[in-house]
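Printed here is start-v4.csv (CSV, C-alpha atoms):
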```csv
chain,number,residue,atom,x,y,z
A,9,MET,CA,-5.9,7.8,-24.0
A,10,SER,CA,-7.6,8.0,-27.3
A,11,ARG,CA,-10.4,10.3,-26.0
A,12,SER,CA,-10.3,13.2,-23.6
A,13,TYR,CA,-11.6,11.6,-20.4
A,14,PRO,CA,-10.3,12.5,-17.0
A,15,ILE,CA,-9.9,8.7,-16.2
A,16,TRP,CA,-8.8,6.1,-18.7
A,17,ILE,CA,-8.5,2.4,-18.1
A,18,ASP,CA,-6.5,0.0,-20.3
A,19,THR,CA,-7.5,-3.6,-19.8
A,20,TYR,CA,-5.3,-6.5,-20.8
A,21,ASN,CA,-6.8,-10.0,-21.0
A,22,ASN,CA,-5.2,-12.8,-22.8
A,23,ALA,CA,-8.5,-14.6,-23.3
A,24,TYR,CA,-9.7,-12.0,-25.8
A,25,SER,CA,-8.3,-10.4,-28.9
A,26,ASN,CA,-10.6,-7.4,-28.5
A,27,ASN,CA,-9.5,-5.8,-25.2
A,28,GLY,CA,-12.2,-3.1,-25.8
A,29,ALA,CA,-15.1,-5.3,-24.7
A,30,LYS,CA,-17.2,-3.8,-22.0
A,31,SER,CA,-17.4,-7.1,-20.0
A,32,GLN,CA,-14.9,-9.9,-20.1
A,33,GLY,CA,-14.5,-13.3,-18.7
A,34,VAL,CA,-11.0,-14.2,-17.4
A,35,ARG,CA,-9.5,-17.7,-17.7
A,36,ASP,CA,-6.2,-17.1,-15.8
A,37,TYR,CA,-5.1,-13.4,-15.6
A,38,ALA,CA,-6.4,-9.9,-16.4
A,39,LYS,CA,-4.8,-6.6,-15.6
A,40,SER,CA,-6.1,-3.0,-15.8
A,41,GLN,CA,-3.9,0.0,-15.9
A,42,MET,CA,-5.5,3.4,-14.8
A,43,TYR,CA,-4.5,6.7,-16.2
A,44,ILE,CA,-5.6,10.2,-15.0
A,45,GLY,CA,-5.3,13.5,-16.8
A,46,THR,CA,-6.9,15.8,-19.3
A,47,SER,CA,-5.9,14.4,-22.6
A,48,ALA,CA,-3.8,11.7,-24.3
A,49,ALA,CA,-0.8,14.0,-24.2
A,50,ASN,CA,-1.4,14.9,-20.6
A,51,SER,CA,-2.2,11.6,-18.8
A,52,TYR,CA,-0.4,10.1,-15.9
A,53,ASN,CA,-0.2,6.5,-14.6
A,54,PHE,CA,-2.4,6.3,-11.5
A,55,GLY,CA,-2.2,2.7,-10.6
A,56,SER,CA,-3.2,-0.8,-11.6
A,57,TYR,CA,-5.3,-3.7,-10.5
A,58,SER,CA,-5.3,-7.3,-11.5
A,59,VAL,CA,-7.1,-10.6,-10.9
A,60,SER,CA,-5.7,-14.1,-11.3
A,61,HIS,CA,-7.0,-17.6,-11.2
A,62,SER,CA,-5.2,-20.9,-10.7
A,63,ASP,CA,-6.5,-24.5,-10.5
A,64,ASN,CA,-4.3,-27.3,-9.1
A,65,GLY,CA,-7.0,-30.0,-9.5
A,66,LYS,CA,-8.1,-29.9,-5.8
A,67,GLU,CA,-8.8,-26.2,-5.4
A,68,LYS,CA,-9.2,-23.1,-7.3
A,69,THR,CA,-7.5,-19.9,-6.1
A,70,TYR,CA,-8.4,-16.4,-7.0
A,71,ASN,CA,-6.2,-13.4,-6.2
A,72,PHE,CA,-6.9,-9.7,-6.4
A,73,TYR,CA,-4.0,-7.2,-6.6
A,74,VAL,CA,-3.8,-3.4,-6.4
A,75,ASP,CA,-0.5,-2.0,-7.6
A,76,GLY,CA,1.0,-5.4,-7.4
A,77,VAL,CA,0.1,-5.9,-3.7
A,78,LEU,CA,-2.2,-8.8,-2.8
A,79,VAL,CA,-5.4,-7.3,-1.4
A,80,LYS,CA,-7.8,-10.3,-1.3
A,81,THR,CA,-7.7,-14.0,-2.0
A,82,ALA,CA,-10.3,-16.7,-2.2
A,83,THR,CA,-10.0,-20.5,-2.4
A,84,TYR,CA,-12.7,-22.8,-3.7
A,85,GLN,CA,-12.4,-26.4,-2.3
A,86,LYS,CA,-13.7,-28.6,-5.0
A,87,ASN,CA,-14.4,-31.6,-2.8
A,88,LYS,CA,-16.2,-29.6,-0.1
A,89,LYS,CA,-17.8,-27.2,-2.6
A,90,GLU,CA,-17.1,-24.2,-0.4
A,91,MET,CA,-15.4,-20.8,-0.9
A,92,GLN,CA,-13.1,-19.3,1.7
A,93,SER,CA,-12.0,-15.7,1.2
A,94,LYS,CA,-9.5,-13.5,3.1
A,95,SER,CA,-9.0,-9.8,2.8
A,96,PHE,CA,-5.9,-8.1,3.9
A,97,ASN,CA,-6.2,-4.8,5.9
A,98,PHE,CA,-3.2,-2.5,5.1
A,99,ILE,CA,-4.4,0.4,7.2
A,100,PRO,CA,-3.1,-0.1,10.8
A,101,ASN,CA,-5.3,0.7,13.6
A,102,GLU,CA,-4.5,3.3,16.4
A,103,ALA,CA,-3.2,0.7,18.8
A,104,GLU,CA,-0.8,-0.8,16.3
A,105,LEU,CA,0.5,2.7,15.4
A,106,LYS,CA,1.0,3.5,19.1
A,107,LYS,CA,2.8,0.3,19.7
A,108,GLN,CA,5.1,0.9,16.7
A,109,TYR,CA,5.9,4.6,17.2
A,110,PHE,CA,5.4,5.4,20.9
A,111,GLN,CA,8.8,4.3,22.0
A,112,LYS,CA,10.4,6.1,19.1
A,113,TRP,CA,8.6,9.3,19.9
A,114,LYS,CA,9.4,8.9,23.6
A,115,ASP,CA,13.1,8.4,22.8
A,116,GLU,CA,13.2,11.4,20.5
A,117,GLU,CA,11.5,13.6,23.2
A,118,GLU,CA,14.1,12.4,25.8
A,119,GLN,CA,16.9,13.2,23.4
A,120,LYS,CA,15.6,16.7,22.9
A,121,GLU,CA,15.3,17.3,26.6
A,122,ALA,CA,18.8,15.9,27.3
A,123,ALA,CA,20.3,18.2,24.5
A,124,PHE,CA,18.5,21.2,26.1
A,125,ARG,CA,19.8,20.3,29.6
A,126,ASN,CA,23.3,19.9,28.2
A,127,GLU,CA,23.2,23.2,26.5
A,128,ARG,CA,22.0,25.0,29.6
A,129,TYR,CA,24.7,23.2,31.7
A,130,ALA,CA,27.4,24.2,29.2
A,131,GLU,CA,26.2,27.8,29.3
A,132,ARG,CA,26.3,27.8,33.2
A,133,GLN,CA,29.8,26.3,33.1
A,134,ARG,CA,30.9,29.1,30.6
A,135,LEU,CA,29.5,31.8,32.8
A,136,ASN,CA,30.9,30.4,36.0
A,137,GLY,CA,34.4,29.9,34.7
A,138,GLY,CA,34.2,26.2,34.8
A,139,TYR,CA,33.1,25.9,38.4
A,140,ASN,CA,30.0,24.2,39.6
A,141,VAL,CA,28.3,26.7,41.7
A,142,LYS,CA,25.0,25.7,43.4
```
How does this structure look as structure tokens?
Amino acid sequence: MSRSYPIWIDTYNNAYSNNGAKSQGVRDYAKSQMYIGTSAANSYNFGSYSVSHSDNGKEKTYNFYVDGVLVKTATYQKNKKEMQSKSFNFIPNEAELKKQYFQKWKDEEEQKEAAFRNERYAERQRLNGGYNVK
């Protein structure tokens, strides 16, 4: 961070020698690293985002990454002249969370109840001298 800004973004683009340009075209790959803090001596890595492009002759593929995880992709079919894009949702909905965790929570609750029952049973056994009295 060469100036005292609360957010600083370093951009790396192999298509330009001057990475300080305000707008840049990208031929194959560009990456930006974000820093947050109060000064150059007090800045912390916050994350990164990058965009890439590849061309295999039949189609062009564009990928957008956040912290190295693919978030969105688009493919341009040259012969059809159409763009298809796909976004990836990383925030699970409530139904997916319930499906994933409900059995786990249910099992944990049953284990707690069984442990409580066993403790009570052991206490009764101790008080009754080892006899089952009903």
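Across the model, the gap from CA of Val77 in chain A to CA of Asp63 in chain A is 20.9 Å.
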Pick the closest to Ala38 in chain A from A:Tyr73, A:Tyr20, A:Tyr129, A:Phe124: which is it, counting only C-alpha atoms?
-> A:Tyr20
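Using all atoms listed in the file, the smallest distance between any of A:Tyr52, A:Trp16, A:Tyr37, A:Phe72 and Phe96 in chain A comes from A:Phe72.
For the choices A:Gln133, A:Thr46, A:Thr19, A:Thr81, the atom-to-atom distance to Gln32 in chain A is smallest for A:Thr19 when using all atoms listed in the file.
Of note, CA of Glu67 in chain A and CA of Thr83 in chain A are spaced 6.6 Å apart.
Atom pair CA of Asn71 in chain A / CA of Pro100 in chain A has a distance of 21.8 Å (rounded to one decimal).
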Would you mind listing what lies within 6 Å of Ser56 in chain A as a ChimeraX atom specification, with only C-alpha atoms counted and same-chain residues fewer than 4 positions away left out?
-> /A:40-42,74-75
Selected residue, from A:Arg35, A:Gly55, A:Asn50, A:Gly45, that lies nearest to Lys68 in chain A when counting all atoms listed in the file | A:Arg35
Completed range 42-68 of chain A (N, CA and C atoms) as a short mmCIF file (atom, residue, chain, number, x, y, z; two decimals), in the coordinates of the input:
```
data_model
loop_
_atom_site.label_atom_id
_atom_site.label_comp_id
_atom_site.auth_asym_id
_atom_site.auth_seq_id
_atom_site.Cartn_x
_atom_site.Cartn_y
_atom_site.Cartn_z
N MET A 42 -4.67 2.13 -14.89
CA MET A 42 -5.50 3.40 -14.80
C MET A 42 -4.61 4.58 -15.07
N TYR A 43 -5.13 5.48 -15.88
CA TYR A 43 -4.50 6.70 -16.20
C TYR A 43 -5.40 7.89 -15.81
N ILE A 44 -4.84 8.98 -15.35
CA ILE A 44 -5.60 10.20 -15.00
C ILE A 44 -5.00 11.36 -15.76
N GLY A 45 -5.82 12.35 -16.09
CA GLY A 45 -5.30 13.50 -16.80
C GLY A 45 -6.40 14.23 -17.54
N THR A 46 -5.98 15.03 -18.50
CA THR A 46 -6.90 15.80 -19.30
C THR A 46 -6.96 15.44 -20.75
N SER A 47 -5.92 14.73 -21.23
CA SER A 47 -5.90 14.40 -22.60
C SER A 47 -4.87 13.24 -22.83
N ALA A 48 -4.75 12.76 -24.06
CA ALA A 48 -3.80 11.70 -24.30
C ALA A 48 -2.36 12.17 -24.10
N ALA A 49 -2.10 13.43 -24.40
CA ALA A 49 -0.80 14.00 -24.20
C ALA A 49 -0.52 14.37 -22.74
N ASN A 50 -1.57 14.51 -21.97
CA ASN A 50 -1.40 14.90 -20.60
C ASN A 50 -2.12 13.92 -19.67
N SER A 51 -1.62 12.69 -19.70
CA SER A 51 -2.20 11.60 -18.80
C SER A 51 -1.03 11.02 -18.03
N TYR A 52 -1.37 10.58 -16.83
CA TYR A 52 -0.40 10.10 -15.90
C TYR A 52 -0.84 8.73 -15.34
N ASN A 53 0.11 7.84 -15.14
CA ASN A 53 -0.20 6.50 -14.60
C ASN A 53 -0.68 6.72 -13.14
N PHE A 54 -1.85 6.21 -12.84
CA PHE A 54 -2.40 6.30 -11.50
C PHE A 54 -2.32 5.06 -10.70
N GLY A 55 -2.31 3.92 -11.35
CA GLY A 55 -2.20 2.70 -10.60
C GLY A 55 -2.71 1.51 -11.49
N SER A 56 -2.70 0.33 -10.90
CA SER A 56 -3.20 -0.80 -11.60
C SER A 56 -3.88 -1.78 -10.66
N TYR A 57 -4.72 -2.62 -11.23
CA TYR A 57 -5.30 -3.70 -10.50
C TYR A 57 -5.39 -4.91 -11.37
N SER A 58 -5.32 -6.07 -10.76
CA SER A 58 -5.30 -7.30 -11.50
C SER A 58 -6.01 -8.40 -10.76
N VAL A 59 -6.46 -9.41 -11.49
CA VAL A 59 -7.10 -10.60 -10.90
C VAL A 59 -6.49 -11.80 -11.57
N SER A 60 -6.26 -12.83 -10.76
CA SER A 60 -5.70 -14.10 -11.30
C SER A 60 -6.46 -15.27 -10.80
N HIS A 61 -6.34 -16.36 -11.56
CA HIS A 61 -7.00 -17.60 -11.20
C HIS A 61 -6.05 -18.74 -11.47
N SER A 62 -6.00 -19.69 -10.52
CA SER A 62 -5.20 -20.90 -10.70
C SER A 62 -5.97 -22.09 -10.23
N ASP A 63 -5.75 -23.23 -10.88
CA ASP A 63 -6.50 -24.50 -10.50
C ASP A 63 -5.44 -25.59 -10.48
N ASN A 64 -5.29 -26.20 -9.28
CA ASN A 64 -4.30 -27.30 -9.10
C ASN A 64 -4.99 -28.66 -9.13
N GLY A 65 -6.28 -28.72 -9.46
CA GLY A 65 -7.00 -30.00 -9.50
C GLY A 65 -7.86 -30.19 -8.23
N LYS A 66 -7.36 -29.78 -7.08
CA LYS A 66 -8.10 -29.90 -5.80
C LYS A 66 -8.82 -28.65 -5.42
N GLU A 67 -8.21 -27.53 -5.76
CA GLU A 67 -8.80 -26.20 -5.40
C GLU A 67 -8.51 -25.19 -6.43
N LYS A 68 -9.38 -24.20 -6.46
CA LYS A 68 -9.20 -23.10 -7.30
C LYS A 68 -8.86 -21.86 -6.45
#
```
